[in-house]
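These notes are about the structure you will find just below.
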Amino acid sequence: MFASFYKKIIIDFPRLTLLFLILTIIFSIYHSKNFNLDASSDALLLEGDPDLKYLREVNETYGTKDFLVLTYTPISNFTEKETILNLQLLKSKIEKLTWVDNVITIIDVPLLKSTDEGLMERLTNYKTLAYPEIDRKRGFDEIINSPIYRNYVISEDGKTSGIVVYLKKDERLEEFIKIKDQYFYQLKEVGLSKEDKLNFKKFIKEYEEYKNLYNLRNHQNITEIRDVISKYGENAKIHLGGIPMIADDMMSYIKNDIIVFGLGVFVFIIITLWFIFKNIKWVLMPLLGCATSVVIMIGLLGLIGWKVTVISSNFIALMLILNMAMNIHVTVRFLQLKKEFPELKKNEVIFQTSKKMFLPILYTVLTTICAFLSLVFSGIKPIIDFGWMMTLGLLISLLVTFLLLPSLISVISSENEIDIKDTEKSFITSSLGSFTKNNKLLIFGSALLIVIFSMTGIFKLEVENSFINYFDKETEIYKGMKKIDDDLGGTTPLNVILKFPKKTKEIKKEDDEFDEWQEDNETNENKAKYWFTRDKMDKIIKVHDYLDSLPEIGKVLSFGSILRVAEDLNNKELQSLEIAVLYSKIPVEIKNEIISPYISVEKDEARISLRIKDSLEGLKRNDLIKKINSELNSKLGLEKSEYKLAGVLILFNNLLQSLFKSQILTLGIVLLGIFLMFFLLFRNVVISLIGIVPNFIAAFFILGIIGFLKIPLDMMTITIAAITIGIAVDNSIHYIYRFKEEFKKIKNYNGTLDKCHSTVGIAILNTSITIVFGFSILVLSNFIPTIYFGVFTGIAMLLAMISVLTLLPKLILTYKPFGEETNEF
């Protein structure tokens, strides 16, 4: 019934179908104006990660601001008047930007050793390198030897300074994030009512609109500060870093990748189609099919409000590649049928082509969807969105292929046109066919060796989250992060939160007198004045020194750093009473700068801030986190309840560990899903098992190569296996489906193999070459994981093609799943 309806509507009235598609394209183009990108860091976090919730609590307790970091390496040294003047001018120019809150440079560092006054006088009346009367040499030596500022605002060699540009808080965005989190936790814990769901839907729309506005403002801000930097680049080498800059540059990379991948693949497809068909009509029709699918998809993404991230930025290239494969199979099949049955009318050949190709292409789409849907188990929103995005894209491609292509062939091609080179002559496929028939031991032996190699390499796989190594070394992101990593104490932040008992029992003799005083005087109002006991300070310093001793860690800052400066100035260790008195006399603005970021009296906590040297060779971030968690307990004697780690390092590590577990486990689900697809299509267990073998060998081979090359799995490369299986299995379905069809007529396995290699084998060869070179376009990205994704998926597809044209037919010849032969060959 469906076939009859399809013939009457699509085949017999192709212009009506084309009109419908033109209207759909116009509708899609209109909604494509809402097509948006997202490069924010929260797009790469695990939804519901308890460590994310805790980090936000930490940030609220100790205060946090978005900031940019400039690395400033002057031609002359920092003791020269000219250098100080240039730095002052740069700072002044940056401070005038409306979105900047304040700027901290080396010339703002308080010089506390420049006078012989008392400690409090020095704190309240400090001078800096900017003061004309200051001894710059002495002041600079103080900064470079300071436990606070060395490797923080000045490099160890004294040649590079860091300029920290704090951005004004966006209160509205913070409020949006809080509300979003509240909705999420409510959904997770008790669920949302009907009214809540409506409110949430309305809220998300407002939130996304504001984020778009925020991203636009951020881009303008980065452009402004780069304009300022460019004017001061003559006297110093300046690099820009920081999350707002990375987010903006990532947006540029995503836009660039979408354009480059889309155009690159499109151009390559034109070349491939011309090579196959040598006729402008047969080049134009599949191209229109590909372009239509992509336009409709972009319009739908704009309508739905799905944003493209760096993870899904290659969706256009993937859609073009996969859609082209469908179009080539349908077009080649039409021309072959027209050549085989010249007496049939064009519309009848189109109908027979659609009828014969619909099931195999439907099942290839379903198996590929099965692979992409495996990504939804990752728990990471952009990867989940990528999975659903490609699922929607594949369904659109399927519909467009069987609506547009038959209509175009009907309208554009002439009745007797068969402009295609002789499909029965292909040196590559005929050679592979002969090799398959005559080399059973070599084929099976090679497959076994590949499996052994792959499994060995898979056991060497590891996940890592080296953010700096995600970018090309020529990008501003890499240069800035590398400079900060090498000279200014590391890039990836981590916090160690120390928790003190509510009622601290001091054990040191020198604290006895203070304890009694504290007991008598402590109230909620004056608790802070008597909180700073020596016991707490010693614990902070002990943890600080341990963290500072680890080679993977760069700059460590804590209240211990400040205490050491005070003790150095006093030439003695401060006791509890002295610390308390000192705290009570420090002005509020200084407390907010040097104490509040590291101490929470209200929560009885202390924060130790540190940064990881992200570019350190051989750094194992997961191992480092485990080591710190373990040794704080085993080496330093802290109870597990007395400390907790928080920070971006933890969040990205959680993301990758979760992704590794979900994707490796999900391969089993993909295997089962594809097996069921084969079984539904062929109703034969042996054929189903034979069909999945070549593709899993290809996927595991790539994982094995990645393992042996010691390339860490990340957000992109970890998805290669599932996606490769989903795409590569398409060739197996087409080959087996055609083999089954031809075997019914030929009744001889060797003869059927030759027939398939000279027909569907050529289509498989052409589509595979298109896919391999299509993926190679991804090497033009600035995002290293995308390059790996393109290279390794291309290699996997090449191996899958060879396997489908050698191992798969050899398995068919060996197990004879279609019954016994009745004809000689």
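Lettering and numbering for the structure tokens are positional, with chains as A, B, ... in the shown order, residues counted from 1 in each chain, and ligands counted from 1 in the shown order.
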
Surrounding residues of Ser312 of chain A excluding itself and chain neighbours under 2 positions, 9 Å, only C-alpha atoms, as an mmCIF file with N, CA and C atoms, in the first residue's frame:
data_model
loop_
_atom_site.group_PDB
_atom_site.id
_atom_site.type_symbol
_atom_site.label_atom_id
_atom_site.label_comp_id
_atom_site.auth_asym_id
_atom_site.auth_seq_id
_atom_site.Cartn_x
_atom_site.Cartn_y
_atom_site.Cartn_z
ATOM 1 N N ILE A 254 34.465 27.394 16.135
ATOM 2 C CA ILE A 254 33.269 26.643 15.743
ATOM 3 C C ILE A 254 32.722 27.178 14.422
ATOM 4 N N LYS A 307 21.773 24.538 20.270
ATOM 5 C CA LYS A 307 23.008 25.259 19.954
ATOM 6 C C LYS A 307 24.101 24.278 19.553
ATOM 7 N N VAL A 308 24.938 24.715 18.620
ATOM 8 C CA VAL A 308 26.071 23.902 18.168
ATOM 9 C C VAL A 308 27.287 24.230 19.025
ATOM 10 N N THR A 309 27.949 23.204 19.537
ATOM 11 C CA THR A 309 29.164 23.376 20.330
ATOM 12 C C THR A 309 30.355 22.871 19.527
ATOM 13 N N VAL A 310 31.539 22.960 20.121
ATOM 14 C CA VAL A 310 32.735 22.454 19.440
ATOM 15 C C VAL A 310 32.624 20.950 19.194
ATOM 16 N N ASN A 314 31.043 19.605 13.658
ATOM 17 C CA ASN A 314 31.249 18.877 12.401
ATOM 18 C C ASN A 314 29.979 18.193 11.919
ATOM 19 N N PHE A 315 28.800 18.572 12.471
ATOM 20 C CA PHE A 315 27.564 17.891 12.082
ATOM 21 C C PHE A 315 27.234 18.121 10.609
ATOM 22 N N ILE A 316 27.565 19.318 10.075
ATOM 23 C CA ILE A 316 27.283 19.584 8.658
ATOM 24 C C ILE A 316 28.132 18.682 7.775
ATOM 25 N N PRO A 382 26.481 18.611 25.660
ATOM 26 C CA PRO A 382 26.810 18.799 24.241
ATOM 27 C C PRO A 382 26.986 17.481 23.488
ATOM 28 N N ILE A 383 27.449 16.441 24.190
ATOM 29 C CA ILE A 383 27.609 15.132 23.535
ATOM 30 C C ILE A 383 26.245 14.474 23.347
ATOM 31 N N ASP A 385 23.450 16.175 23.017
ATOM 32 C CA ASP A 385 22.839 16.950 21.933
ATOM 33 C C ASP A 385 23.375 16.526 20.572
ATOM 34 N N PHE A 386 24.691 16.239 20.512
ATOM 35 C CA PHE A 386 25.301 15.786 19.263
ATOM 36 C C PHE A 386 24.661 14.473 18.799
ATOM 37 N N GLY A 387 24.440 13.559 19.755
ATOM 38 C CA GLY A 387 23.796 12.285 19.426
ATOM 39 C C GLY A 387 22.398 12.479 18.863
ATOM 40 N N MET A 389 21.200 15.293 17.669
ATOM 41 C CA MET A 389 21.311 16.136 16.479
ATOM 42 C C MET A 389 21.550 15.287 15.226
ATOM 43 N N MET A 390 22.502 14.344 15.351
ATOM 44 C CA MET A 390 22.821 13.484 14.210
ATOM 45 C C MET A 390 21.676 12.505 13.918
#

Which residues come within 8 Å of Ser768 of chain A, counting only C-alpha atoms, excluding same-chain residues fewer than 2 positions away, as a short mmCIF file (atom, residue, chain, number, x, y, z; two decimals) with N, CA and C atoms, in the first residue's frame?
data_model
loop_
_atom_site.label_atom_id
_atom_site.label_comp_id
_atom_site.auth_asym_id
_atom_site.auth_seq_id
_atom_site.Cartn_x
_atom_site.Cartn_y
_atom_site.Cartn_z
N ALA A 325 26.57 9.40 0.67
CA ALA A 325 26.63 7.94 0.56
C ALA A 325 25.28 7.39 0.12
N ILE A 764 30.13 0.96 -2.87
CA ILE A 764 30.78 0.94 -1.56
C ILE A 764 32.15 1.61 -1.64
N LEU A 765 32.90 1.28 -2.70
CA LEU A 765 34.23 1.88 -2.89
C LEU A 765 34.11 3.40 -3.01
N ASN A 766 33.18 3.84 -3.87
CA ASN A 766 33.03 5.28 -4.09
C ASN A 766 32.58 6.02 -2.84
N THR A 770 34.72 8.70 -0.56
CA THR A 770 34.11 10.01 -0.25
C THR A 770 34.14 10.28 1.25
N ILE A 771 33.77 9.25 2.03
CA ILE A 771 33.73 9.40 3.49
C ILE A 771 35.13 9.62 4.05
N VAL A 772 36.09 8.81 3.58
CA VAL A 772 37.47 8.92 4.09
C VAL A 772 38.04 10.31 3.83
N MET A 797 37.25 3.95 8.58
CA MET A 797 36.35 3.73 7.44
C MET A 797 37.07 3.05 6.28
N LEU A 798 38.35 3.37 6.10
CA LEU A 798 39.13 2.72 5.04
C LEU A 798 39.29 1.23 5.34
N MET A 801 35.99 -0.56 4.82
CA MET A 801 35.71 -0.82 3.41
C MET A 801 36.47 -2.05 2.91
#

Identify, with DSSP run on backbone atoms, the residues in segment 715-763 of chain A assigned to alpha helix (DSSP H), and express the list as a ChimeraX atom specification. /A:720-746,749-758,760-763

Counting only C-alpha atoms, what is within 10 Å of Lys747 of chain A, bar same-chain residues fewer than 2 positions away, as a PDB file with N, CA and C atoms, in the first residue's frame?
ATOM      1  N   LYS A 740      22.350 -11.266  -1.174  1.00  0.00           N
ATOM      2  CA  LYS A 740      21.155 -12.097  -1.021  1.00  0.00           C
ATOM      3  C   LYS A 740      20.274 -12.016  -2.275  1.00  0.00           C
ATOM      4  N   GLU A 742      21.166 -11.134  -5.431  1.00  0.00           N
ATOM      5  CA  GLU A 742      21.818 -11.727  -6.610  1.00  0.00           C
ATOM      6  C   GLU A 742      21.951 -13.249  -6.489  1.00  0.00           C
ATOM      7  N   PHE A 743      22.126 -13.746  -5.248  1.00  0.00           N
ATOM      8  CA  PHE A 743      22.296 -15.198  -5.072  1.00  0.00           C
ATOM      9  C   PHE A 743      21.026 -15.955  -5.470  1.00  0.00           C
ATOM     10  N   LYS A 744      19.865 -15.328  -5.262  1.00  0.00           N
ATOM     11  CA  LYS A 744      18.605 -15.965  -5.655  1.00  0.00           C
ATOM     12  C   LYS A 744      18.573 -16.222  -7.147  1.00  0.00           C
ATOM     13  N   LYS A 745      19.253 -15.351  -7.918  1.00  0.00           N
ATOM     14  CA  LYS A 745      19.264 -15.507  -9.381  1.00  0.00           C
ATOM     15  C   LYS A 745      20.427 -16.377  -9.854  1.00  0.00           C
ATOM     16  N   TYR A 749      27.984 -19.040  -5.099  1.00  0.00           N
ATOM     17  CA  TYR A 749      28.600 -18.060  -4.208  1.00  0.00           C
ATOM     18  C   TYR A 749      29.710 -17.259  -4.886  1.00  0.00           C
ATOM     19  N   ASN A 750      30.604 -17.938  -5.614  1.00  0.00           N
ATOM     20  CA  ASN A 750      31.696 -17.228  -6.292  1.00  0.00           C
ATOM     21  C   ASN A 750      31.164 -16.288  -7.368  1.00  0.00           C
ATOM     22  N   GLY A 751      30.156 -16.761  -8.115  1.00  0.00           N
ATOM     23  CA  GLY A 751      29.554 -15.930  -9.155  1.00  0.00           C
ATOM     24  C   GLY A 751      28.844 -14.725  -8.574  1.00  0.00           C
ATOM     25  N   THR A 752      28.167 -14.936  -7.444  1.00  0.00           N
ATOM     26  CA  THR A 752      27.481 -13.819  -6.780  1.00  0.00           C
ATOM     27  C   THR A 752      28.489 -12.808  -6.254  1.00  0.00           C
ATOM     28  N   PHE A 818      23.256 -18.372   2.806  1.00  0.00           N
ATOM     29  CA  PHE A 818      22.082 -18.227   1.942  1.00  0.00           C
ATOM     30  C   PHE A 818      21.620 -19.551   1.335  1.00  0.00           C
ATOM     31  N   GLY A 819      22.145 -20.647   1.838  1.00  0.00           N
ATOM     32  CA  GLY A 819      21.749 -21.959   1.315  1.00  0.00           C
ATOM     33  C   GLY A 819      22.811 -22.554   0.407  1.00  0.00           C
ATOM     34  N   GLU A 820      22.523 -23.729  -0.073  1.00  0.00           N
ATOM     35  CA  GLU A 820      23.480 -24.446  -0.921  1.00  0.00           C
ATOM     36  C   GLU A 820      23.444 -23.938  -2.355  1.00  0.00           C
ATOM     37  N   GLU A 821      24.599 -24.093  -3.044  1.00  0.00           N
ATOM     38  CA  GLU A 821      24.697 -23.709  -4.456  1.00  0.00           C
ATOM     39  C   GLU A 821      23.995 -24.740  -5.318  1.00  0.00           C
ATOM     40  N   THR A 822      23.388 -24.287  -6.397  1.00  0.00           N
ATOM     41  CA  THR A 822      22.750 -25.217  -7.351  1.00  0.00           C
ATOM     42  C   THR A 822      23.303 -25.059  -8.759  1.00  0.00           C
ATOM     43  N   ASN A 823      24.132 -24.044  -8.976  1.00  0.00           N
ATOM     44  CA  ASN A 823      24.712 -23.805 -10.309  1.00  0.00           C
ATOM     45  C   ASN A 823      26.227 -23.875 -10.258  1.00  0.00           C
ATOM     46  N   GLU A 824      26.835 -24.277 -11.378  1.00  0.00           N
ATOM     47  CA  GLU A 824      28.292 -24.274 -11.516  1.00  0.00           C
ATOM     48  C   GLU A 824      28.753 -22.849 -11.827  1.00  0.00           C
ATOM     49  N   PHE A 825      30.023 -22.571 -11.522  1.00  0.00           N
ATOM     50  CA  PHE A 825      30.592 -21.248 -11.869  1.00  0.00           C
ATOM     51  C   PHE A 825      31.915 -21.464 -12.575  1.00  0.00           C
TER      52      PHE A 825
END

Which is closest to His734 of chain A among A:Pro360, A:Pro493, A:Pro406, A:Pro147, if we use only C-alpha atoms?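 When distances to His734 of chain A are compared using only C-alpha atoms, the smallest one comes from A:Pro360.
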
Show me, as a list of chain:residue names, the residues that have an atom within 10 Å of segment 645-648 of chain A when counting only C-alpha atoms, minus same-chain residues fewer than 4 positions from it.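 With the cut-off at 10 Å, the set is A:Ser41, A:Leu45, A:Asp51, A:Leu52, A:Lys53, A:Tyr54, A:Leu55, A:Arg56, A:Glu57, A:Val58, A:Asn59, A:Thr492, A:Pro493, A:Leu494, A:Asn495, A:Val496, A:Ile497, A:Leu498, A:Arg607, A:Ile608, A:Ser609, A:Leu610, A:Arg611, A:Ile625, A:Ile628, A:Asn629, A:Phe652, A:Asn653, A:Asn654.
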
For Leu403 of chain A, list every protein, DNA or RNA residue within 10 Å, evaluated using only C-alpha atoms, and leave out those in the same chain fewer than 5 positions away; present the list as an MDAnalysis selection string. chainID A and resid 6 9:11 14 17:18 20:21 289 354 397:398 408

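Proximity to Leu288 of chain A was assessed for A:Leu442, A:Val164, A:Ala447, A:Ile22 counting only C-alpha atoms; the smallest distance is recorded for A:Ile22.
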
If you run DSSP over the backbone, which residues in segment 18-192 of chain A end up strand (DSSP E or B)? Put them as number ranges by chain. A: 36-37, 46, 67-74, 100-104, 111, 127, 150, 154, 161-167

File of the preceding selection, N, CA and C atoms, as a compact mmCIF listing (two decimals), in the first residue's frame:
# COMPACT_ATOMS: atom_id res chain seq x y z
N ASN A 36 22.29 29.11 16.50
CA ASN A 36 23.27 29.70 17.41
C ASN A 36 24.37 28.72 17.81
N LEU A 37 25.47 29.29 18.30
CA LEU A 37 26.62 28.52 18.76
C LEU A 37 26.77 28.70 20.27
N LEU A 46 29.36 17.79 33.41
CA LEU A 46 28.37 16.76 33.67
C LEU A 46 27.15 17.37 34.34
N PHE A 67 37.88 36.65 34.98
CA PHE A 67 39.05 37.49 34.73
C PHE A 67 39.78 37.06 33.46
N LEU A 68 40.52 38.00 32.93
CA LEU A 68 41.44 37.74 31.83
C LEU A 68 42.86 37.88 32.36
N VAL A 69 43.79 37.17 31.76
CA VAL A 69 45.19 37.27 32.16
C VAL A 69 46.03 37.67 30.95
N LEU A 70 46.83 38.70 31.12
CA LEU A 70 47.78 39.10 30.09
C LEU A 70 49.18 38.73 30.56
N THR A 71 49.95 38.07 29.72
CA THR A 71 51.36 37.87 30.04
C THR A 71 52.13 39.00 29.37
N TYR A 72 52.94 39.70 30.17
CA TYR A 72 53.61 40.91 29.71
C TYR A 72 55.12 40.74 29.84
N THR A 73 55.81 40.62 28.68
CA THR A 73 57.26 40.44 28.67
C THR A 73 57.89 41.65 27.98
N PRO A 74 58.38 42.63 28.77
CA PRO A 74 58.92 43.87 28.17
C PRO A 74 60.30 43.65 27.55
N VAL A 100 35.43 46.47 32.62
CA VAL A 100 36.52 46.06 33.52
C VAL A 100 36.25 46.58 34.93
N ASP A 101 36.41 45.70 35.92
CA ASP A 101 36.21 46.08 37.32
C ASP A 101 37.49 46.67 37.90
N ASN A 102 38.57 45.90 37.86
CA ASN A 102 39.87 46.43 38.28
C ASN A 102 40.99 45.61 37.64
N VAL A 103 42.20 46.18 37.68
CA VAL A 103 43.36 45.56 37.03
C VAL A 103 44.48 45.46 38.05
N ILE A 104 45.07 44.26 38.15
CA ILE A 104 46.19 44.05 39.07
C ILE A 104 47.45 43.76 38.26
N LEU A 111 54.73 46.93 48.59
CA LEU A 111 56.12 46.68 49.00
C LEU A 111 56.22 46.94 50.50
N LYS A 127 53.78 51.25 49.74
CA LYS A 127 54.12 51.85 48.45
C LYS A 127 54.29 50.74 47.42
N ARG A 150 55.72 35.60 43.68
CA ARG A 150 56.62 34.87 42.79
C ARG A 150 55.83 33.77 42.06
N ILE A 154 54.78 37.58 38.72
CA ILE A 154 56.12 37.71 38.12
C ILE A 154 56.72 36.31 37.96
N SER A 161 55.66 39.33 33.45
CA SER A 161 54.70 39.69 34.49
C SER A 161 53.28 39.30 34.04
N GLY A 162 52.46 39.00 35.02
CA GLY A 162 51.06 38.72 34.72
C GLY A 162 50.21 39.94 35.04
N ILE A 163 49.30 40.26 34.15
CA ILE A 163 48.33 41.34 34.38
C ILE A 163 46.96 40.69 34.49
N VAL A 164 46.34 40.81 35.66
CA VAL A 164 45.03 40.20 35.88
C VAL A 164 43.96 41.28 35.70
N VAL A 165 43.05 41.02 34.76
CA VAL A 165 41.97 41.97 34.47
C VAL A 165 40.66 41.37 34.97
N TYR A 166 40.16 41.88 36.09
CA TYR A 166 38.91 41.38 36.65
C TYR A 166 37.72 42.04 35.95
N LEU A 167 36.75 41.21 35.58
CA LEU A 167 35.57 41.70 34.87
C LEU A 167 34.45 42.03 35.86

Contacts of Phe35 of chain A within 8 Å, only C-alpha atoms, excl. fewer than 4 positions in-chain, as a PyMOL selection string: chain A and resi 31+298-299+301-303+305-307

Hey, can you spit out that residue selection with all heavy atoms as a CSV table (one decimal), in the first residue's frame?
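What ended up in out27.csv:
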chain,number,residue,atom,x,y,z
A,31,HIS,N,14.0,30.3,9.6
A,31,HIS,CA,14.3,29.9,11.0
A,31,HIS,C,15.8,29.8,11.2
A,31,HIS,O,16.2,29.7,12.4
A,31,HIS,CB,13.6,28.6,11.4
A,31,HIS,CG,12.1,28.8,11.7
A,31,HIS,ND1,11.6,29.5,12.8
A,31,HIS,CD2,11.0,28.6,10.9
A,31,HIS,CE1,10.3,29.5,12.8
A,31,HIS,NE2,9.9,29.0,11.7
A,298,ILE,N,19.6,22.9,9.6
A,298,ILE,CA,20.0,24.2,10.2
A,298,ILE,C,18.7,25.0,10.6
A,298,ILE,O,18.6,25.5,11.7
A,298,ILE,CB,20.8,25.0,9.3
A,298,ILE,CG1,22.2,24.4,9.2
A,298,ILE,CG2,21.0,26.5,9.8
A,298,ILE,CD1,23.1,25.0,8.1
A,299,GLY,N,17.7,25.0,9.8
A,299,GLY,CA,16.4,25.6,10.1
A,299,GLY,C,15.7,25.0,11.3
A,299,GLY,O,15.2,25.7,12.2
A,301,LEU,N,17.2,23.3,13.7
A,301,LEU,CA,18.0,23.6,14.9
A,301,LEU,C,17.7,25.0,15.4
A,301,LEU,O,17.6,25.3,16.6
A,301,LEU,CB,19.5,23.5,14.6
A,301,LEU,CG,20.1,22.1,14.4
A,301,LEU,CD1,21.5,22.1,14.1
A,301,LEU,CD2,19.8,21.2,15.5
A,302,GLY,N,17.5,25.9,14.5
A,302,GLY,CA,17.1,27.3,14.8
A,302,GLY,C,15.7,27.3,15.5
A,302,GLY,O,15.5,28.0,16.4
A,303,LEU,N,14.8,26.6,14.9
A,303,LEU,CA,13.4,26.5,15.4
A,303,LEU,C,13.4,25.9,16.8
A,303,LEU,O,12.7,26.4,17.7
A,303,LEU,CB,12.6,25.7,14.4
A,303,LEU,CG,11.1,25.5,14.8
A,303,LEU,CD1,10.4,26.9,14.8
A,303,LEU,CD2,10.4,24.5,13.8
A,305,GLY,N,15.9,25.6,18.9
A,305,GLY,CA,16.8,26.3,19.8
A,305,GLY,C,18.0,25.5,20.3
A,305,GLY,O,18.6,25.8,21.3
A,306,TRP,N,18.4,24.5,19.5
A,306,TRP,CA,19.6,23.7,19.8
A,306,TRP,C,20.8,24.5,19.4
A,306,TRP,O,20.9,25.0,18.3
A,306,TRP,CB,19.6,22.4,19.0
A,306,TRP,CG,19.1,21.2,19.8
A,306,TRP,CD1,18.9,21.2,21.2
A,306,TRP,CD2,18.8,19.9,19.3
A,306,TRP,NE1,18.4,19.9,21.6
A,306,TRP,CE2,18.4,19.1,20.4
A,306,TRP,CE3,18.8,19.3,18.1
A,306,TRP,CZ2,18.0,17.8,20.3
A,306,TRP,CZ3,18.5,18.0,18.0
A,306,TRP,CH2,18.1,17.2,19.1
A,307,LYS,N,21.8,24.5,20.3
A,307,LYS,CA,23.0,25.3,20.0
A,307,LYS,C,24.1,24.3,19.6
A,307,LYS,O,24.2,23.2,20.1
A,307,LYS,CB,23.5,26.1,21.2
A,307,LYS,CG,22.5,27.3,21.5
A,307,LYS,CD,23.2,28.1,22.5
A,307,LYS,CE,22.3,29.4,22.7
A,307,LYS,NZ,22.9,30.3,23.7

One-decimal distance in Å that lies between atom CA of Leu448 of chain A and atom CA of Pro809 of chain A: 16.3 Å

Shortest interatomic distance to Lys356 of chain A - which of A:Lys137, A:Arg333, A:Thr160, A:Leu213, counting only C-alpha atoms: A:Arg333

Measuring between only C-alpha atoms, which one of A:Arg621, A:Lys7, A:Lys816, A:Lys194 shows the shortest distance to Ser407 of chain A?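 Nearest to Ser407 of chain A: A:Lys7.
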
For each of A:Leu808, A:Asn327, A:Glu174, A:Asp614, take the minimum atom-to-atom distance to Thr64 of chain A, counting only C-alpha atoms, then give the residue where this is smallest.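 Closest candidate: A:Glu174.
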
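Of the residues under consideration (A:Trp99, A:Leu780, A:Val400, A:Asp714), A:Leu780 shows the shortest atom-to-atom contact distance to Ile258 of chain A when counting only C-alpha atoms.
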
Distance of atom CA of Val376 of chain A from atom CA of Leu395 of chain A, expressed in Å to one decimal place: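 Atom CA of Leu395 of chain A sits 17.1 Å away from atom CA of Val376 of chain A.
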